[in-house]
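Asker: I am sharing protein_9.cif, which consists of mmCIF, C-alpha atoms and all ligand atoms:
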data_data
#
loop_
_atom_site.label_atom_id
_atom_site.label_comp_id
_atom_site.auth_asym_id
_atom_site.auth_seq_id
_atom_site.Cartn_x
_atom_site.Cartn_y
_atom_site.Cartn_z
CA MET A 34 0.00 0.00 0.00
CA GLN A 35 1.28 3.44 -0.90
CA TYR A 36 0.98 5.68 2.18
CA GLU A 37 -0.26 9.26 1.73
CA ILE A 38 -0.46 10.25 5.39
CA LEU A 39 2.08 8.10 7.21
CA LYS A 40 5.78 8.69 6.61
CA THR A 41 7.88 5.78 7.83
CA GLU A 42 11.61 5.57 8.47
CA ARG A 43 13.13 2.27 9.56
CA GLN A 44 16.54 2.19 11.26
CA GLY A 45 17.34 -1.40 12.24
CA GLY A 46 14.75 -2.43 14.79
CA LEU A 47 13.39 1.10 15.20
CA LEU A 48 10.50 2.47 13.18
CA LEU A 49 9.67 6.17 13.19
CA VAL A 50 6.16 6.97 11.95
CA THR A 51 5.25 10.59 11.24
CA ILE A 52 1.61 11.47 10.74
CA SER A 53 1.74 13.95 7.93
CA ARG A 54 -1.40 15.88 7.07
CA PRO A 55 -0.33 19.22 8.53
CA GLN A 56 -2.85 21.27 6.55
CA ALA A 57 -5.58 19.69 8.75
CA LEU A 58 -3.37 19.50 11.87
CA ASN A 59 -3.03 15.74 11.16
CA ALA A 60 -6.75 15.14 11.85
CA LEU A 61 -7.58 11.45 11.66
CA ASN A 62 -9.65 10.40 8.65
CA THR A 63 -10.57 7.02 7.15
CA ARG A 64 -7.43 7.08 5.01
CA PHE A 65 -5.29 7.40 8.17
CA PHE A 66 -7.01 4.41 9.78
CA ASN A 67 -6.58 2.30 6.64
CA GLU A 68 -2.89 3.15 6.48
CA MET A 69 -2.33 2.54 10.19
CA ASP A 70 -4.17 -0.81 9.97
CA HIS A 71 -1.96 -1.80 7.05
CA LEU A 72 1.21 -0.75 8.86
CA VAL A 73 0.29 -2.56 12.09
CA ALA A 74 -0.55 -5.75 10.17
CA ALA A 75 2.77 -5.51 8.31
CA ILE A 76 4.96 -5.14 11.40
CA LYS A 77 3.22 -7.15 14.09
CA GLU A 78 4.87 -10.44 13.06
CA ASP A 79 8.25 -8.81 12.40
CA ASP A 80 10.65 -10.30 14.94
CA GLY A 81 13.27 -7.68 14.04
CA MET A 82 11.06 -4.84 15.34
CA ARG A 83 12.25 -3.40 18.65
CA VAL A 84 10.45 -0.06 19.13
CA MET A 85 8.06 2.13 17.17
CA VAL A 86 7.82 5.90 17.64
CA ILE A 87 4.81 7.93 16.48
CA THR A 88 4.94 11.70 16.03
CA GLY A 89 3.14 14.38 14.04
CA GLU A 90 4.34 16.81 11.38
CA GLY A 91 3.98 20.54 11.96
CA LYS A 92 2.37 22.19 14.96
CA ALA A 93 0.13 19.28 15.92
CA PHE A 94 0.63 15.71 17.01
CA VAL A 95 -3.00 15.14 16.00
CA ALA A 96 -5.82 17.68 16.53
CA GLY A 97 -8.53 15.02 16.71
CA ALA A 98 -10.75 12.99 14.47
CA ASP A 99 -11.47 14.71 11.16
CA ILE A 100 -14.50 16.87 11.96
CA ALA A 101 -15.15 17.56 8.26
CA GLU A 102 -15.40 13.82 7.61
CA MET A 103 -17.65 13.22 10.64
CA VAL A 104 -20.09 16.10 10.30
CA ASP A 105 -22.57 14.43 7.90
CA LYS A 106 -22.59 10.99 9.46
CA ASP A 107 -25.76 9.47 10.86
CA SER A 108 -25.89 7.45 14.05
CA LEU A 109 -24.95 4.12 12.44
CA ALA A 110 -22.06 5.61 10.49
CA GLY A 111 -20.89 7.45 13.62
CA SER A 112 -20.74 4.18 15.57
CA ALA A 113 -18.93 2.48 12.68
CA PHE A 114 -16.35 5.31 12.56
CA SER A 115 -15.86 4.97 16.29
CA ARG A 116 -15.36 1.18 16.08
CA LEU A 117 -12.94 1.56 13.18
CA GLY A 118 -10.72 3.80 15.31
CA GLN A 119 -11.14 1.72 18.46
CA ASN A 120 -10.04 -1.42 16.61
CA THR A 121 -7.04 0.31 15.06
CA PHE A 122 -5.86 1.74 18.39
CA ARG A 123 -6.41 -1.59 20.15
CA SER A 124 -4.28 -3.37 17.52
CA LEU A 125 -1.63 -0.70 17.91
CA GLU A 126 -1.69 -1.11 21.69
CA LYS A 127 -1.36 -4.88 21.30
CA LEU A 128 1.75 -4.75 19.11
CA PRO A 129 4.27 -7.09 20.76
CA PHE A 130 6.97 -4.39 21.01
CA PRO A 131 6.83 -0.93 22.67
CA VAL A 132 5.29 2.05 20.93
CA ILE A 133 6.24 5.57 22.11
CA ALA A 134 4.28 8.73 21.32
CA ALA A 135 6.49 11.79 20.72
CA ILE A 136 3.97 14.59 21.20
CA ASN A 137 5.18 17.62 19.33
CA GLY A 138 2.10 19.86 19.58
CA PHE A 139 -1.69 19.60 19.90
CA ALA A 140 -2.89 16.17 21.07
CA LEU A 141 -6.63 16.69 21.15
CA GLY A 142 -9.62 14.38 21.04
CA GLY A 143 -8.75 11.41 18.85
CA GLY A 144 -5.13 12.61 18.89
CA LEU A 145 -4.89 12.22 22.64
CA GLU A 146 -6.70 8.88 22.30
CA LEU A 147 -4.02 7.77 19.83
CA ALA A 148 -1.25 8.88 22.21
CA MET A 149 -2.93 7.00 25.06
CA ALA A 150 -2.91 3.78 23.01
CA CYS A 151 0.90 4.03 22.92
CA ASP A 152 2.96 2.52 25.76
CA PHE A 153 4.26 5.85 27.03
CA ARG A 154 4.38 9.47 25.98
CA ILE A 155 7.18 12.04 25.69
CA ALA A 156 6.00 15.61 25.18
CA SER A 157 7.46 18.83 23.87
CA ALA A 158 7.12 21.64 26.41
CA LYS A 159 4.77 23.35 23.93
CA ALA A 160 2.40 20.37 23.50
CA LYS A 161 -1.25 20.87 24.43
CA PHE A 162 -3.61 18.13 25.56
CA GLY A 163 -7.37 17.90 25.76
CA GLN A 164 -10.55 16.00 25.13
CA PRO A 165 -12.65 18.77 23.58
CA GLU A 166 -15.46 16.51 22.33
CA VAL A 167 -18.20 17.95 24.58
CA SER A 168 -17.58 21.36 22.94
CA LEU A 169 -18.71 19.71 19.70
CA GLY A 170 -21.66 18.01 21.39
CA LEU A 171 -19.80 14.68 21.20
CA ILE A 172 -17.97 12.28 23.46
CA PRO A 173 -14.64 10.55 22.72
CA GLY A 174 -15.10 7.61 20.39
CA TYR A 175 -11.70 5.90 20.34
CA ALA A 176 -11.86 4.62 23.94
CA GLY A 177 -10.71 7.91 25.46
CA THR A 178 -13.38 7.61 28.16
CA GLN A 179 -11.79 4.29 29.11
CA ARG A 180 -8.04 4.90 28.79
CA LEU A 181 -7.86 8.39 30.31
CA SER A 182 -9.11 7.32 33.76
CA ARG A 183 -6.87 4.24 33.67
CA LEU A 184 -3.77 6.30 32.87
CA THR A 185 -4.50 9.20 35.21
CA THR A 186 -7.16 9.29 37.92
CA LEU A 187 -10.93 9.25 37.63
CA GLY A 188 -10.99 12.87 38.77
CA ASP A 189 -8.36 14.04 36.27
CA ALA A 190 -10.13 12.17 33.47
CA LEU A 191 -13.52 13.63 34.29
CA PHE A 192 -11.98 17.11 34.65
CA LEU A 193 -10.55 16.92 31.11
CA LEU A 194 -13.60 15.23 29.60
CA LEU A 195 -16.19 17.50 31.19
CA THR A 196 -14.47 20.89 30.92
CA ALA A 197 -12.88 20.30 27.46
CA GLU A 198 -10.06 22.55 28.73
CA MET A 199 -6.64 22.17 27.19
CA ILE A 200 -3.72 21.57 29.54
CA GLY A 201 -0.02 22.11 28.93
CA ALA A 202 2.83 19.64 29.10
CA ASP A 203 3.68 20.32 32.75
CA ASP A 204 0.12 19.59 33.87
CA ALA A 205 0.09 16.49 31.65
CA LEU A 206 3.27 15.35 33.39
CA ARG A 207 1.78 16.10 36.81
CA ILE A 208 -1.27 13.89 36.20
CA GLY A 209 0.79 11.08 34.66
CA LEU A 210 -0.57 11.53 31.16
CA VAL A 211 2.99 11.94 29.85
CA GLN A 212 6.15 10.49 31.31
CA LYS A 213 8.68 13.15 30.29
CA VAL A 214 8.71 16.72 28.94
CA THR A 215 11.53 18.05 26.76
CA GLU A 216 12.41 21.37 25.19
CA PRO A 217 10.62 21.47 21.81
CA GLU A 218 13.83 21.14 19.77
CA ALA A 219 15.01 18.19 21.89
CA LEU A 220 11.84 16.08 21.55
CA MET A 221 12.92 13.74 18.77
CA GLU A 222 16.49 13.40 19.97
CA GLU A 223 15.35 12.42 23.46
CA THR A 224 12.60 10.11 22.18
CA MET A 225 15.00 8.34 19.80
CA ARG A 226 17.56 8.07 22.61
CA LEU A 227 14.95 6.29 24.73
CA ALA A 228 13.87 4.11 21.78
CA ASN A 229 17.50 3.12 21.17
CA LEU A 230 18.00 2.47 24.88
CA ILE A 231 15.02 0.09 24.93
CA GLY A 232 16.24 -1.40 21.65
CA SER A 233 19.58 -2.25 23.29
CA LYS A 234 17.94 -4.34 26.05
CA GLY A 235 17.07 -8.03 25.91
CA PRO A 236 14.56 -8.16 23.03
CA ALA A 237 12.49 -11.02 24.44
CA ALA A 238 12.50 -9.42 27.89
CA VAL A 239 11.30 -6.09 26.48
CA ARG A 240 8.42 -7.78 24.68
CA LYS A 241 7.50 -9.78 27.78
CA VAL A 242 7.57 -6.71 30.03
CA LYS A 243 5.00 -5.11 27.74
CA GLN A 244 2.88 -8.23 27.46
CA VAL A 245 2.86 -9.11 31.16
CA THR A 246 2.44 -5.53 32.44
CA ARG A 247 -0.42 -4.79 30.06
CA ALA A 248 -2.17 -8.14 30.59
CA GLY A 249 -1.66 -7.88 34.37
CA PHE A 250 -3.24 -4.42 34.38
CA GLU A 251 -6.50 -6.03 33.27
CA MET A 252 -6.39 -8.96 35.75
CA GLY A 253 -6.26 -9.56 39.48
CA PHE A 254 -2.90 -9.31 41.31
CA ASP A 255 -2.44 -13.05 41.88
CA GLU A 256 -3.32 -13.95 38.30
CA GLY A 257 -0.93 -11.27 37.04
CA SER A 258 1.87 -12.46 39.33
CA SER A 259 1.36 -16.01 38.13
CA LEU A 260 1.64 -14.83 34.51
CA GLU A 261 4.84 -12.97 35.46
CA ALA A 262 6.38 -16.11 36.98
CA GLU A 263 5.56 -18.11 33.84
CA HIS A 264 7.17 -15.56 31.53
CA PHE A 265 10.10 -15.02 33.91
CA GLY A 266 10.90 -18.71 33.66
CA SER A 267 10.71 -18.70 29.88
CA LEU A 268 13.74 -16.35 29.79
CA PHE A 269 16.02 -18.90 31.49
CA GLY A 270 17.77 -21.97 30.16
CA PRO A 271 20.48 -22.90 27.67
CA ALA A 272 20.93 -20.32 24.90
CA SER A 273 18.18 -18.12 26.37
CA GLN A 274 18.48 -14.33 26.38
CA GLY A 275 18.30 -14.36 30.18
CA GLU A 276 21.30 -16.66 30.35
CA GLU A 277 23.20 -14.46 27.89
CA GLY A 278 22.33 -11.26 29.78
CA MET A 279 23.39 -12.66 33.14
CA LYS A 280 26.57 -14.27 31.77
CA ALA A 281 27.49 -11.00 30.06
CA PHE A 282 27.06 -9.14 33.37
CA LEU A 283 29.20 -11.64 35.24
CA GLY A 284 31.79 -11.67 32.45
CA LYS A 285 31.88 -7.85 32.37
CA ARG A 286 31.03 -7.74 28.66
CA LYS A 287 28.13 -6.51 26.52
CA PRO A 288 25.38 -9.06 25.87
CA GLN A 289 25.02 -10.46 22.38
CA TRP A 290 21.28 -10.91 21.89
CA GLN A 291 20.32 -13.60 19.43
N1 LIG B 301 -10.72 17.99 12.03
C1 LIG B 301 -10.63 18.55 10.81
N2 LIG B 301 -9.90 19.64 10.55
C2 LIG B 301 -9.22 20.20 11.57
C3 LIG B 301 -9.25 19.66 12.86
C4 LIG B 301 -10.03 18.49 13.08
N3 LIG B 301 -10.10 17.88 14.27
N4 LIG B 301 -8.48 20.43 13.66
C5 LIG B 301 -7.97 21.40 12.89
N5 LIG B 301 -8.42 21.27 11.62
C6 LIG B 301 -8.12 22.12 10.48
C7 LIG B 301 -8.83 23.48 10.59
O1 LIG B 301 -10.18 23.36 10.16
C8 LIG B 301 -7.99 24.33 9.69
O2 LIG B 301 -8.33 24.08 8.35
P1 LIG B 301 -8.44 25.32 7.30
O3 LIG B 301 -7.06 25.91 7.26
O4 LIG B 301 -8.84 24.64 6.03
O5 LIG B 301 -9.45 26.25 7.86
C9 LIG B 301 -6.58 23.78 9.91
O6 LIG B 301 -6.76 22.47 10.47
C10 LIG B 301 -5.77 24.59 10.88
O7 LIG B 301 -6.52 24.72 12.08
P2 LIG B 301 -6.80 26.12 12.79
O8 LIG B 301 -6.80 27.22 11.79
O9 LIG B 301 -8.04 25.97 13.63
O10 LIG B 301 -5.51 26.24 13.71
P3 LIG B 301 -5.37 27.06 15.05
O11 LIG B 301 -3.92 27.06 15.37
O12 LIG B 301 -6.06 28.39 14.97
O13 LIG B 301 -6.15 26.21 16.16
C11 LIG B 301 -6.74 24.16 17.29
C12 LIG B 301 -5.66 24.94 16.52
C13 LIG B 301 -7.01 24.86 18.62
C14 LIG B 301 -6.20 22.77 17.52
C15 LIG B 301 -8.05 24.13 16.46
O14 LIG B 301 -7.73 23.70 15.15
C16 LIG B 301 -9.08 23.19 16.99
O15 LIG B 301 -9.76 23.50 17.97
N6 LIG B 301 -9.27 22.01 16.32
C17 LIG B 301 -10.29 21.07 16.66
C18 LIG B 301 -9.91 20.30 17.89
C19 LIG B 301 -11.00 19.34 18.25
O16 LIG B 301 -12.13 19.69 18.57
N7 LIG B 301 -10.67 18.03 18.25
C20 LIG B 301 -11.56 16.98 18.59
C21 LIG B 301 -12.23 16.48 17.39
S1 LIG B 301 -13.50 15.31 17.80
C22 LIG B 301 -12.66 13.91 18.15
O17 LIG B 301 -11.46 13.82 18.03
C23 LIG B 301 -13.48 12.76 18.57
C24 LIG B 301 -12.67 11.47 18.51
C25 LIG B 301 -13.57 10.30 18.52
C26 LIG B 301 -14.30 10.20 17.24
C27 LIG B 301 -15.04 8.95 17.20
C28 LIG B 301 -15.61 8.71 15.84
C29 LIG B 301 -17.07 8.82 15.77
#
In structure tokens, what does this structure look like?

Answerer:
Amino acid sequence: MQYEILKTERQGGLLLVTISRPQALNALNTRFFNEMDHLVAAIKEDDGMRVMVITGEGKAFVAGADIAEMVDKDSLAGSAFSRLGQNTFRSLEKLPFPVIAAINGFALGGGLELAMACDFRIASAKAKFGQPEVSLGLIPGYAGTQRLSRLTTLGDALFLLLTAEMIGADDALRIGLVQKVTEPEALMEETMRLANLIGSKGPAAVRKVKQVTRAGFEMGFDEGSSLEAEHFGSLFGPASQGEEGMKAFLGKRKPQWQ
């Protein structure tokens, strides 16, 4: 598939994806979802993938779902458009390797919902965050009502959802919506540094951390701990990455991941 909106740059196990529709502040339309679905399907089985980074071109990360595309929809089409996005973001969230959002500017509505489907978020100091749907007489449709309260607190989520107020990067950091704030010009350098750092760690361990942490978040503590023990054990044994990592530490050398 020839992408019109997504620009992709692969460097070894790292994939940088730039959402590029700056004339509409990267608003999410059907074309975007088709391209993202195609990309996710193409990389999910790729064992060489270590980390994916998503950012936006221009002054926005993503300023929401495309209002011009939504305005004429009826109830059925509205629900279908919502499910399309929910499915895409769920598939993105379930990718077996980490996905980092590098939030360069506005992350509003569907844009914040996209960022929340990533594993963590790094923000430029000039990024702005919000769920402005109620201003349009709408509610979030890409699971924003569900993810926001899970990532922050119920009170912070309802504050953002009910007031539709935009908050800056420092407030986003304070409520745990983003994990780090950088100077605007340092955003990509710092995000790629972190992506490379994760990419240098035990590849199987990195994937299992994501899998077990995310699965455990949706289960009870004991069930999650049991899952952890199972996956912990799978990293041991002859020729395992755990054995290599521990032997490298003891031998004072760098691990050679297979
Ligand atoms: N959809 C379509 N076009 C948009 C969007 C959008 N979400 N946001 C900006 N644009 C367009 C503008 O219309 C404008 O186009 P043009 O130049 O042709 O007039 C261009 O981008 C530049 O925007 P502005 O001139 O408005 O730029 P400003 O810097 O003055 O303002 C803002 C930036 C504050 C971000 C402003 O553009 C804005 O408020 N945008 C809308 C933000 C918003 O309400 N987002 C939520 C959308 S609803 C949503 O995301 C629901 C998700 C779930 C959907 C579920 C499916 C059913």

Asker: Restricting the calculation to all atoms listed in the file: of A:Val239, A:Leu206, A:Val50, A:Leu141, which residue gets closest to Thr88 (chain A)?

Answerer: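 Going through A:Val239, A:Leu206, A:Val50, A:Leu141 one by one, the smallest distance to Thr88 (chain A) is for A:Val50.
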
Asker: For the contact check between chain A and ligand LIG 301 (chain B), emit one row per residue of chain A within 7 Å, containing the shortest atom pair and the distance in Å rounded to one decimal, counting only C-alpha atoms and all ligand atoms, chain then rising number order, as a tab-separated table.

Answerer:
residue	atom	partner	partner_atom	distance
A:Gln56	CA	B:LIG301	C9	5.6
A:Ala57	CA	B:LIG301	O6	3.5
A:Leu58	CA	B:LIG301	O6	4.7
A:Ala60	CA	B:LIG301	C4	4.8
A:Ala96	CA	B:LIG301	N4	4.8
A:Gly97	CA	B:LIG301	O17	3.4
A:Ala98	CA	B:LIG301	O17	3.7
A:Asp99	CA	B:LIG301	N1	3.5
A:Ile100	CA	B:LIG301	N1	3.9
A:Ala101	CA	B:LIG301	C1	5.3
A:Met103	CA	B:LIG301	C29	6.8
A:Gly111	CA	B:LIG301	C29	4.6
A:Ser112	CA	B:LIG301	C29	5.9
A:Phe114	CA	B:LIG301	C28	4.8
A:Ser115	CA	B:LIG301	C28	3.8
A:Gly118	CA	B:LIG301	C28	6.9
A:Phe139	CA	B:LIG301	C14	6.0
A:Leu141	CA	B:LIG301	N7	5.2
A:Gly142	CA	B:LIG301	O17	3.6
A:Gly143	CA	B:LIG301	O17	3.7
A:Gly144	CA	B:LIG301	O17	6.5
A:Gln164	CA	B:LIG301	C20	6.7
A:Pro165	CA	B:LIG301	O16	5.1
A:Glu166	CA	B:LIG301	S1	5.1
A:Leu169	CA	B:LIG301	O16	6.7
A:Ile172	CA	B:LIG301	C23	6.7
A:Pro173	CA	B:LIG301	C25	4.3
A:Gly174	CA	B:LIG301	C27	3.5
A:Tyr175	CA	B:LIG301	C25	5.1

Asker: Since we have the selection now, will you write its residues out, keeping C-alpha atoms, as an mmCIF file, in the frame of the given file?

Answerer:
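The result, stored in out_34.cif:
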data_model
loop_
_atom_site.group_PDB
_atom_site.id
_atom_site.type_symbol
_atom_site.label_atom_id
_atom_site.label_comp_id
_atom_site.auth_asym_id
_atom_site.auth_seq_id
_atom_site.Cartn_x
_atom_site.Cartn_y
_atom_site.Cartn_z
ATOM 1 C CA GLN A 56 -2.850 21.270 6.550
ATOM 2 C CA ALA A 57 -5.580 19.690 8.750
ATOM 3 C CA LEU A 58 -3.370 19.500 11.870
ATOM 4 C CA ALA A 60 -6.750 15.140 11.850
ATOM 5 C CA ALA A 96 -5.820 17.680 16.530
ATOM 6 C CA GLY A 97 -8.530 15.020 16.710
ATOM 7 C CA ALA A 98 -10.750 12.990 14.470
ATOM 8 C CA ASP A 99 -11.470 14.710 11.160
ATOM 9 C CA ILE A 100 -14.500 16.870 11.960
ATOM 10 C CA ALA A 101 -15.150 17.560 8.260
ATOM 11 C CA MET A 103 -17.650 13.220 10.640
ATOM 12 C CA GLY A 111 -20.890 7.450 13.620
ATOM 13 C CA SER A 112 -20.740 4.180 15.570
ATOM 14 C CA PHE A 114 -16.350 5.310 12.560
ATOM 15 C CA SER A 115 -15.860 4.970 16.290
ATOM 16 C CA GLY A 118 -10.720 3.800 15.310
ATOM 17 C CA PHE A 139 -1.690 19.600 19.900
ATOM 18 C CA LEU A 141 -6.630 16.690 21.150
ATOM 19 C CA GLY A 142 -9.620 14.380 21.040
ATOM 20 C CA GLY A 143 -8.750 11.410 18.850
ATOM 21 C CA GLY A 144 -5.130 12.610 18.890
ATOM 22 C CA GLN A 164 -10.550 16.000 25.130
ATOM 23 C CA PRO A 165 -12.650 18.770 23.580
ATOM 24 C CA GLU A 166 -15.460 16.510 22.330
ATOM 25 C CA LEU A 169 -18.710 19.710 19.700
ATOM 26 C CA ILE A 172 -17.970 12.280 23.460
ATOM 27 C CA PRO A 173 -14.640 10.550 22.720
ATOM 28 C CA GLY A 174 -15.100 7.610 20.390
ATOM 29 C CA TYR A 175 -11.700 5.900 20.340
#

Asker: Counting all atoms listed in the file, find the residues whose atoms lie at most 9 Å from (-6.2, 8.7, 8.5) (file coordinates) and write them out as a PyMOL selection string.

Answerer: chain A and resi 38-39+52+54+59-69+98-99

Asker: Taking 6 positions as the minimum chain separation for residues in the same chain, which residues sit within 10 Å of Leu181 (chain A) when counting only C-alpha atoms? Answer as a list of chain:residue names.

Answerer: A:Leu145, A:Glu146, A:Met149, A:Ala150, A:Gln164, A:Leu187, A:Asp189, A:Ala190, A:Leu191, A:Leu193, A:Leu194, A:Leu210

Asker: What does the distance between CA of Glu126 (chain A) and CA of Arg247 (chain A) come to in Å, to one decimal place?

Answerer: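 Value for the CA of Glu126 (chain A)-CA of Arg247 (chain A) distance: 9.2 Å.
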